[in-house]
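Chemist: Contents of work-v8.txt (compact mmCIF, C-alpha atoms and all ligand atoms) are given next:
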# COMPACT_ATOMS: atom_id res chain seq x y z
CA MET I 1 -38.27 -25.33 -88.13
CA LEU I 2 -36.01 -22.29 -88.03
CA GLU I 3 -33.30 -23.52 -90.40
CA GLU I 4 -34.71 -21.39 -93.23
CA PHE I 5 -33.60 -18.23 -91.43
CA ASP I 6 -30.12 -16.77 -91.41
CA MET I 7 -29.18 -16.51 -87.73
CA THR I 8 -26.47 -15.15 -85.47
CA GLU I 9 -26.25 -16.84 -82.11
CA ILE I 10 -24.33 -16.72 -78.87
CA ARG I 11 -24.30 -19.39 -76.21
CA CYS I 12 -24.92 -18.18 -72.65
CA THR I 13 -24.63 -21.52 -70.86
CA GLU I 14 -24.25 -25.09 -72.04
CA ASN I 15 -27.97 -25.31 -72.82
CA GLN I 16 -29.03 -21.69 -73.27
CA VAL I 17 -28.60 -19.82 -76.52
CA LEU I 18 -29.53 -16.34 -77.80
CA ARG I 19 -30.20 -15.78 -81.49
CA ALA I 20 -31.00 -12.84 -83.73
CA LEU I 21 -32.99 -13.48 -86.87
CA GLU I 22 -34.99 -11.56 -89.43
CA ALA I 23 -38.58 -12.77 -89.52
CA ASP I 24 -42.25 -12.01 -89.04
CA ILE I 25 -42.72 -13.12 -85.43
CA THR I 26 -46.22 -14.45 -86.17
CA THR I 27 -44.74 -17.24 -88.31
CA LEU I 28 -42.47 -18.76 -85.66
CA HIS I 29 -43.04 -22.24 -84.22
CA VAL I 30 -41.87 -21.53 -80.68
CA ASP I 31 -43.32 -22.06 -77.22
CA ALA I 32 -44.05 -18.34 -76.81
CA ILE I 33 -43.83 -15.17 -78.82
CA VAL I 34 -43.77 -11.89 -76.95
CA ASN I 35 -46.18 -9.15 -77.93
CA ALA I 36 -45.19 -5.48 -77.64
CA ALA I 37 -48.69 -4.57 -76.48
CA ASN I 38 -50.27 -1.44 -75.07
CA ARG I 39 -51.70 -1.12 -71.56
CA SER I 40 -55.24 -2.00 -72.62
CA LEU I 41 -54.11 -5.37 -74.07
CA LEU I 42 -56.97 -4.94 -76.54
CA GLY I 43 -54.87 -4.80 -79.68
CA GLY I 44 -53.14 -2.03 -81.59
CA GLY I 45 -50.87 -1.47 -84.57
CA GLY I 46 -47.42 -2.83 -85.39
CA VAL I 47 -46.50 -6.24 -84.06
CA ASP I 48 -49.55 -6.22 -81.75
CA GLY I 49 -51.93 -5.89 -84.70
CA ALA I 50 -50.07 -8.58 -86.64
CA ILE I 51 -50.25 -10.99 -83.69
CA HIS I 52 -53.99 -10.44 -83.16
CA ARG I 53 -54.70 -10.87 -86.89
CA ALA I 54 -52.76 -14.11 -87.03
CA ALA I 55 -54.07 -15.51 -83.72
CA GLY I 56 -57.73 -14.77 -84.47
CA PRO I 57 -60.54 -13.32 -82.33
CA GLU I 58 -60.14 -15.79 -79.46
CA LEU I 59 -56.92 -14.00 -78.50
CA LEU I 60 -58.78 -10.72 -78.02
CA ALA I 61 -61.46 -12.54 -76.02
CA GLU I 62 -58.83 -13.92 -73.62
CA CYS I 63 -57.08 -10.54 -73.45
CA ARG I 64 -60.35 -8.93 -72.33
CA THR I 65 -60.28 -11.14 -69.21
CA LEU I 66 -56.84 -9.81 -68.19
CA HIS I 67 -57.86 -6.21 -67.40
CA GLY I 68 -54.84 -4.61 -69.00
CA CYS I 69 -51.17 -4.64 -68.08
CA LYS I 70 -48.90 -2.03 -66.51
CA THR I 71 -45.80 -0.77 -68.31
CA GLY I 72 -42.90 -3.17 -67.66
CA GLU I 73 -45.17 -6.05 -66.61
CA ALA I 74 -46.20 -9.13 -68.60
CA LYS I 75 -49.23 -11.43 -68.93
CA LEU I 76 -49.62 -14.77 -70.72
CA THR I 77 -52.34 -16.06 -73.05
CA ARG I 78 -52.68 -19.01 -75.39
CA GLY I 79 -51.59 -18.58 -79.00
CA TYR I 80 -54.81 -19.79 -80.70
CA ASN I 81 -54.25 -19.83 -84.50
CA LEU I 82 -50.58 -18.86 -84.19
CA PRO I 83 -47.92 -21.53 -84.62
CA ALA I 84 -46.64 -20.39 -81.19
CA ALA I 85 -48.33 -22.11 -78.25
CA TYR I 86 -48.46 -18.97 -76.07
CA VAL I 87 -48.27 -15.21 -76.33
CA ILE I 88 -46.60 -13.21 -73.57
CA HIS I 89 -47.99 -9.68 -73.67
CA THR I 90 -45.76 -6.97 -72.27
CA VAL I 91 -45.97 -3.19 -72.38
CA GLY I 92 -42.85 -1.23 -73.17
CA PRO I 93 -42.25 2.40 -72.20
CA ARG I 94 -42.88 5.22 -74.66
CA TYR I 95 -39.52 6.88 -75.32
CA TYR I 96 -40.98 10.37 -75.55
CA SER I 97 -43.11 10.27 -72.40
CA ASP I 98 -42.60 11.49 -68.85
CA GLU I 99 -42.49 7.94 -67.43
CA PRO I 100 -39.50 7.76 -65.06
CA ASP I 101 -36.70 5.22 -65.67
CA LYS I 102 -37.53 4.14 -69.20
CA PRO I 103 -34.44 1.87 -69.46
CA GLY I 104 -35.53 0.15 -66.23
CA LEU I 105 -39.08 -0.30 -67.55
CA LEU I 106 -37.83 -1.73 -70.84
CA ALA I 107 -35.54 -4.14 -68.95
CA SER I 108 -38.53 -5.20 -66.80
CA CYS I 109 -40.43 -6.19 -69.96
CA TYR I 110 -37.72 -8.70 -70.86
CA ARG I 111 -37.19 -9.90 -67.27
CA ASN I 112 -40.91 -10.36 -66.51
CA SER I 113 -41.57 -12.08 -69.85
CA LEU I 114 -38.80 -14.60 -69.17
CA ARG I 115 -40.04 -15.11 -65.60
CA LEU I 116 -43.47 -16.04 -67.00
CA ALA I 117 -41.87 -18.37 -69.54
CA GLN I 118 -39.96 -20.10 -66.75
CA GLU I 119 -43.08 -20.36 -64.54
CA HIS I 120 -44.90 -22.11 -67.40
CA GLY I 121 -42.00 -24.40 -68.30
CA LEU I 122 -41.52 -22.85 -71.76
CA HIS I 123 -38.27 -23.57 -73.56
CA THR I 124 -38.24 -21.30 -76.63
CA VAL I 125 -39.20 -17.61 -76.50
CA ALA I 126 -39.15 -15.07 -79.35
CA PHE I 127 -39.07 -11.32 -78.62
CA PRO I 128 -39.75 -8.47 -81.03
CA SER I 129 -37.76 -5.31 -80.43
CA ILE I 130 -40.07 -3.89 -77.75
CA SER I 131 -40.79 -0.13 -77.83
CA THR I 132 -38.78 0.50 -81.01
CA GLY I 133 -41.76 1.05 -83.33
CA ALA I 134 -44.61 3.38 -82.43
CA TYR I 135 -43.13 3.88 -78.93
CA GLY I 136 -40.03 5.50 -80.44
CA TYR I 137 -37.14 3.89 -78.50
CA PRO I 138 -33.87 4.13 -80.49
CA LEU I 139 -33.10 0.65 -81.79
CA ASP I 140 -29.46 0.46 -80.74
CA GLU I 141 -30.22 1.59 -77.18
CA ALA I 142 -33.16 -0.80 -76.92
CA ALA I 143 -31.11 -3.72 -78.33
CA HIS I 144 -28.39 -3.22 -75.70
CA ILE I 145 -31.01 -3.28 -72.93
CA ALA I 146 -32.69 -6.34 -74.47
CA VAL I 147 -29.52 -8.43 -74.81
CA ARG I 148 -28.05 -7.37 -71.45
CA THR I 149 -31.30 -8.10 -69.57
CA VAL I 150 -31.94 -11.45 -71.24
CA MET I 151 -28.37 -12.60 -70.54
CA ALA I 152 -28.71 -11.59 -66.88
CA SER I 153 -32.17 -13.17 -66.51
CA LEU I 154 -31.36 -16.58 -67.95
CA ALA I 155 -29.57 -17.71 -64.80
CA SER I 156 -32.93 -17.69 -63.00
CA CYS I 157 -34.76 -19.27 -65.97
CA PRO I 158 -33.04 -22.64 -66.39
CA ASP I 159 -35.93 -24.11 -68.43
CA VAL I 160 -35.66 -21.42 -71.10
CA HIS I 161 -33.20 -22.88 -73.60
CA GLU I 162 -33.51 -20.52 -76.53
CA VAL I 163 -34.30 -16.81 -76.78
CA MET I 164 -34.78 -15.25 -80.20
CA PHE I 165 -34.53 -11.56 -80.99
CA VAL I 166 -36.82 -11.23 -83.98
CA CYS I 167 -35.83 -8.37 -86.24
CA PHE I 168 -38.22 -6.77 -88.66
CA GLY I 169 -35.96 -5.81 -91.55
CA ALA I 170 -32.29 -6.16 -92.45
CA SER I 171 -31.15 -3.02 -90.68
CA ALA I 172 -32.67 -4.15 -87.35
CA LEU I 173 -30.96 -7.51 -87.81
CA ARG I 174 -27.57 -5.84 -88.33
CA THR I 175 -28.05 -3.88 -85.10
CA TYR I 176 -28.92 -6.96 -83.05
CA GLU I 177 -26.10 -8.98 -84.61
CA SER I 178 -23.55 -6.36 -83.65
CA VAL I 179 -24.94 -6.05 -80.11
CA LEU I 180 -24.88 -9.84 -79.66
CA LYS I 181 -21.26 -9.93 -80.85
CA GLU I 182 -20.36 -7.13 -78.44
CA PHE I 183 -21.81 -9.06 -75.48
CA ASP I 184 -20.28 -12.32 -76.68
CA LYS I 185 -16.81 -10.74 -76.55
CA LYS I 186 -17.49 -9.32 -73.09
CA SER I 187 -18.40 -12.78 -71.77
CA ILE I 188 -15.18 -14.42 -73.01
P1 LIG I 201 -44.01 -0.54 -79.78
O1 LIG I 201 -45.34 0.15 -79.63
O2 LIG I 201 -43.60 -1.31 -78.54
O3 LIG I 201 -42.95 0.37 -80.29
P2 LIG I 201 -44.37 -1.74 -82.44
O4 LIG I 201 -45.20 -2.91 -82.81
O5 LIG I 201 -44.75 -0.42 -83.03
O6 LIG I 201 -44.32 -1.70 -80.84
O7 LIG I 201 -42.87 -2.03 -82.84
C1 LIG I 201 -42.01 -2.89 -82.10
C2 LIG I 201 -41.05 -3.55 -83.06
O8 LIG I 201 -41.69 -4.64 -83.70
C3 LIG I 201 -40.52 -2.64 -84.16
O9 LIG I 201 -39.10 -2.83 -84.25
C4 LIG I 201 -41.22 -3.16 -85.40
O10 LIG I 201 -40.41 -2.99 -86.57
C5 LIG I 201 -41.36 -4.63 -85.07
N1 LIG I 201 -42.40 -5.39 -85.78
C6 LIG I 201 -43.54 -4.94 -86.34
N2 LIG I 201 -44.23 -5.98 -86.87
C7 LIG I 201 -43.51 -7.10 -86.62
C8 LIG I 201 -43.66 -8.49 -86.92
N3 LIG I 201 -44.73 -8.94 -87.59
N4 LIG I 201 -42.69 -9.36 -86.51
C9 LIG I 201 -41.63 -8.93 -85.82
N5 LIG I 201 -41.41 -7.63 -85.50
C10 LIG I 201 -42.34 -6.72 -85.90
What does this structure look like when you write it as structure tokens?
Modeler:
Amino acid sequence: MLEEFDMTEIRCTENQVLRALEADITTLHVDAIVNAANRSLLGGGGVDGAIHRAAGPELLAECRTLHGCKTGEAKLTRGYNLPAAYVIHTVGPRYYSDEPDKPGLLASCYRNSLRLAQEHGLHTVAFPSISTGAYGYPLDEAAHIAVRTVMASLASCPDVHEVMFVCFGASALRTYESVLKEFDKKSI
């Protein structure tokens, strides 16, 4: 299903792989896509808007039952009209806010999303680059946190076999590719 995309990958364990690819996350046939949502969980712009448009109104109806989500936490819904079975909604920190420990909050988004995936027995999870759009996090900094946190979290998520970093545009892909290569060298 993903062969059409040009991908860079690194293997974390014998059956766990990380990949970076350029794609619209709403088109991916995976067990779960992650939504960079806001605290209301009632939809917004960017990837959140794209996910709600593609999933249809039933997604918003389920989101209304969740009563929002705190920054750094994650909640799961079904995927409805998306090719992905589930959506994991997480709320990243705003880079230019007075929230304390923004790197820690961004790391929590990745960790808590993977914990939910593991709890639901999901094998393939696709992340957008959380907080790097409207929330203003510098892409390179955010990509380092994303890759480092996912690599560290996979040990406690043995059922998650594949994590995708979905890049919106060629320049984002180049950033993630270089960060993945950096971490790949460190693990040798
Ligand atoms: P945030 O509010 O967390 O910053 P945004 O949706 O504004 O969330 O942006 C997060 C990232 O998602 C950005 O890097 C943006 O380029 C990317 N993005 C936007 N739309 C899509 C999409 N359809 N698929 C994948 N990534 C997307």
Chemist: Could you give me, as a tab-separated table, every chain I residue with an atom at most 7 Å from ligand LIG 201 (chain I), plus its closest atom pair and distance in Å to one decimal, counting all atoms listed in the file, rows ordered by chain then number?
Modeler:
residue	atom	partner	partner_atom	distance
I:Ala23	CA	I:LIG201	N4	6.1
I:Asp24	CA	I:LIG201	N4	3.7
I:Ile25	CA	I:LIG201	N4	3.9
I:Thr26	CA	I:LIG201	N3	5.9
I:Ala36	CA	I:LIG201	O2	4.6
I:Ala37	CA	I:LIG201	O2	6.4
I:Asn38	CA	I:LIG201	O1	6.9
I:Gly45	CA	I:LIG201	O4	6.1
I:Gly46	CA	I:LIG201	O4	3.4
I:Val47	CA	I:LIG201	N2	3.6
I:Asp48	CA	I:LIG201	O4	5.6
I:Ala50	CA	I:LIG201	N3	5.4
I:Val91	CA	I:LIG201	O2	6.9
I:Gly92	CA	I:LIG201	O2	5.4
I:Pro128	CA	I:LIG201	N5	4.8
I:Ser129	CA	I:LIG201	C2	4.6
I:Ile130	CA	I:LIG201	O2	4.4
I:Ser131	CA	I:LIG201	O2	3.1
I:Thr132	CA	I:LIG201	O3	4.2
I:Gly133	CA	I:LIG201	O7	3.3
I:Ala134	CA	I:LIG201	O5	3.8
I:Tyr135	CA	I:LIG201	O3	3.8
I:Gly136	CA	I:LIG201	O3	5.9
I:Val166	CA	I:LIG201	C9	5.6
I:Cys167	CA	I:LIG201	N5	5.7
I:Phe168	CA	I:LIG201	N5	4.6
Chemist: Restricting the calculation to only C-alpha atoms, which member of I:His52, I:Pro93, I:Gly79, I:Ala61 is positioned closest to Arg39 of chain I?
Modeler: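 The closest residue to Arg39 of chain I is I:Pro93.
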Chemist: Compile the contact shell of His161 of chain I as a VMD selection string: residues with an atom at most 9 Å away, counting all atoms listed in the file, same-chain residues fewer than 5 positions apart removed.
Modeler: chain I and resid 15 to 18 122 to 125 154
Chemist: Filtering to C-alpha atoms, could you give me those residues as an mmCIF file, in the coordinates of the input?
Modeler:
data_model
loop_
_atom_site.group_PDB
_atom_site.id
_atom_site.type_symbol
_atom_site.label_atom_id
_atom_site.label_comp_id
_atom_site.auth_asym_id
_atom_site.auth_seq_id
_atom_site.Cartn_x
_atom_site.Cartn_y
_atom_site.Cartn_z
ATOM 1 C CA ASN I 15 -27.970 -25.310 -72.820
ATOM 2 C CA GLN I 16 -29.030 -21.690 -73.270
ATOM 3 C CA VAL I 17 -28.600 -19.820 -76.520
ATOM 4 C CA LEU I 18 -29.530 -16.340 -77.800
ATOM 5 C CA LEU I 122 -41.520 -22.850 -71.760
ATOM 6 C CA HIS I 123 -38.270 -23.570 -73.560
ATOM 7 C CA THR I 124 -38.240 -21.300 -76.630
ATOM 8 C CA VAL I 125 -39.200 -17.610 -76.500
ATOM 9 C CA LEU I 154 -31.360 -16.580 -67.950
#
Chemist: Excluding Glu177 of chain I and its own-chain neighbours fewer than 3 positions away, which residues fall within 10 Å of it when counting all atoms listed in the file? Please give them as a list in words.
Modeler: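 These residues fall inside the cut-off: Met7, Thr8, Glu9, Ile10, Arg19, Ala20, Leu21, Ala143, Phe165, Cys167, Ser171, Ala172, Leu173, Arg174, Leu180, Lys181 and Glu182 of chain I.
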Chemist: Save out the residues we just selected, C-alpha atoms, as a PDB file, keeping the file's coordinate frame.
Modeler:
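This went into selection_2.pdb:
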ATOM      1  CA  MET I   7     -29.180 -16.510 -87.730  1.00  0.00           C
ATOM      2  CA  THR I   8     -26.470 -15.150 -85.470  1.00  0.00           C
ATOM      3  CA  GLU I   9     -26.250 -16.840 -82.110  1.00  0.00           C
ATOM      4  CA  ILE I  10     -24.330 -16.720 -78.870  1.00  0.00           C
ATOM      5  CA  ARG I  19     -30.200 -15.780 -81.490  1.00  0.00           C
ATOM      6  CA  ALA I  20     -31.000 -12.840 -83.730  1.00  0.00           C
ATOM      7  CA  LEU I  21     -32.990 -13.480 -86.870  1.00  0.00           C
ATOM      8  CA  ALA I 143     -31.110  -3.720 -78.330  1.00  0.00           C
ATOM      9  CA  PHE I 165     -34.530 -11.560 -80.990  1.00  0.00           C
ATOM     10  CA  CYS I 167     -35.830  -8.370 -86.240  1.00  0.00           C
ATOM     11  CA  SER I 171     -31.150  -3.020 -90.680  1.00  0.00           C
ATOM     12  CA  ALA I 172     -32.670  -4.150 -87.350  1.00  0.00           C
ATOM     13  CA  LEU I 173     -30.960  -7.510 -87.810  1.00  0.00           C
ATOM     14  CA  ARG I 174     -27.570  -5.840 -88.330  1.00  0.00           C
ATOM     15  CA  LEU I 180     -24.880  -9.840 -79.660  1.00  0.00           C
ATOM     16  CA  LYS I 181     -21.260  -9.930 -80.850  1.00  0.00           C
ATOM     17  CA  GLU I 182     -20.360  -7.130 -78.440  1.00  0.00           C
TER      18      GLU I 182
END
Chemist: For each of I:Ala155, I:Leu28, I:Ala142, I:Ala55, take the minimum atom-to-atom distance to Tyr95 of chain I, counting all atoms listed in the file, then give the residue where this is smallest.
Modeler: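 Of I:Ala155, I:Leu28, I:Ala142, I:Ala55, the one nearest Tyr95 of chain I is I:Ala142, counting all atoms listed in the file.
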Chemist: Please provide the set of residues having any atom within 9 Å of segment 105-121 of chain I, restricted to only C-alpha atoms, with same-chain residues fewer than 5 positions apart removed, written as number ranges by chain.
Modeler: I: 31-32, 34, 71-76, 88-93, 99-100, 127, 130-131, 142, 145-146, 148-150, 152-154, 156-160
Chemist: Of the candidates I:Ala170, I:Thr13, I:Ser40, I:Gly104, which shows the shortest atom-to-atom distance to Arg64 of chain I, using all atoms listed in the file?
Modeler: I:Ser40
Chemist: Which is closest to Pro83 of chain I among I:Val147, I:Ile51, I:Cys63, I:Leu139, if we use all atoms listed in the file?
Modeler: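 The shortest atom-to-atom distance to Pro83 of chain I comes from I:Ile51.
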Chemist: Hey, can you check how far atom CA of Thr175 of chain I sits from atom CA of Arg94 of chain I?
Modeler: 20.3 Å
Chemist: Between atom CA of Ala126 of chain I and atom CA of Met164 of chain I, what distance in Å does the model show, to one decimal?
Modeler: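 Between atom CA of Ala126 of chain I and atom CA of Met164 of chain I the gap is 4.5 Å.
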Chemist: Just the number, please: distance in Å from atom CA of Asp101 of chain I to atom CA of Gly49 of chain I, one decimal.
Modeler: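 Atom CA of Gly49 of chain I lies at a distance of 26.8 Å from atom CA of Asp101 of chain I.
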Chemist: For Asn81 of chain I, which residue among I:Val179, I:Leu66, I:Ala54, I:Val30 is the nearest when counting all atoms listed in the file?
Modeler: I:Ala54
Chemist: Counting only C-alpha atoms, figure out which residue out of I:Lys102, I:Lys185, I:Arg11, I:His29 gets nearest to Tyr86 of chain I.
Modeler: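 Counting only C-alpha atoms, the residue closest to Tyr86 of chain I is I:His29.
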